[in-house]
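To start, the structure under review is shown below, and the notes come after it.
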Amino acid sequence: MRSILILNGPNLNLLGTRQPEVYGTTTLSDIEEMCRTYAQAIGVNVAFDQSNHEGDLVDALHAARGTHHGVVLNAGAYTHTSLALMDAISSIALPVIELHLSNVHAREEFRHNSFIAPVALGLICGFGARGYTLAMDALISHLEATE
Ligand code: CA2
């Protein structure tokens with residue numbers, strides 16, 4: 001069975017508690033539940049991880065190799081700063097979809113740059129919590145087309 005890791009970065013554990021106008025009111029555990037239900041419906045395995053620490057996210061990406069077939073990554077603010085995450089993605093040879101709840105391109109200039117985009121399979125942003133299931137679909141279609 002195909003397996004997807006959904007990996008969330010810094011501050012996303014606080015989702016649903018502030019800035020609802022930007023990020024909505026859905027919590028991270030609501031999103032996990034949504035993805036679990038969707039995974040069951042489409043017959044894939046899904047696992048979740050979240051960390052506020054850059055190195056832990058690098059470790060989680062390394063650990064995904066050999067365990068999962070692809071990753072949906074919301075790296076939060078590390079998207080815009082982290083060469084380490086870019087290198088980790090390049091080194092694991094797994095398809096990674098970059099995901100953001102908000103449309104980062106409609107926001108501050110400093111959110112327009114992504115160190116992840118050049119090494120990601122693709123990017124989904126601006127669809128709120130629904131983006132996670134859209135990303136799962138995109139990943140599964142990619143795997144079906146390439147395996
Ligand atoms: O839109 C996204 O998903 C972001 O990855 C979220 C990051 C931000 O730095 C990126 O530019 C875009 C921020 C995550 C903050 O998460 C919270 C949301 C609501 C309440 C508390 C934290």
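Letters for chains follow the order of the structure tokens (A, B, ...), residue numbers begin at 1 for each chain, and ligand numbers begin at 1 in the order shown.
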
Original post:
Neighbours of ligand 1 within 8 Å, counting only C-alpha atoms and all ligand atoms, as a PyMOL selection string?
Top reply: chain A and resi 9-20+22-24+74-80+99-104+111+125-126+128

Original post:
What gap, in Å, lies between CA of Leu139 in chain A and CA of Leu57 in chain A?
Top reply: 19.5 Å

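Once range 38-50 of chain A and its same-chain neighbours fewer than 2 positions away are set aside, Met1, Arg2, Ser3, Ile4, Leu5, Ile6, Leu7, Asn8, Gly9, Pro10, Leu12, Asn13, Glu32, Met34, Cys35, Arg36, Asn52, Leu57, Ala60 and Thr133 of chain A remain within 8 Å of it when counting only C-alpha atoms.
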
Subject >> Selected residue, from A:Gly131, A:Gly55, A:Gly122, A:Gly70, that lies nearest to Leu94 in chain A when counting only C-alpha atoms >> reply: A:Gly70
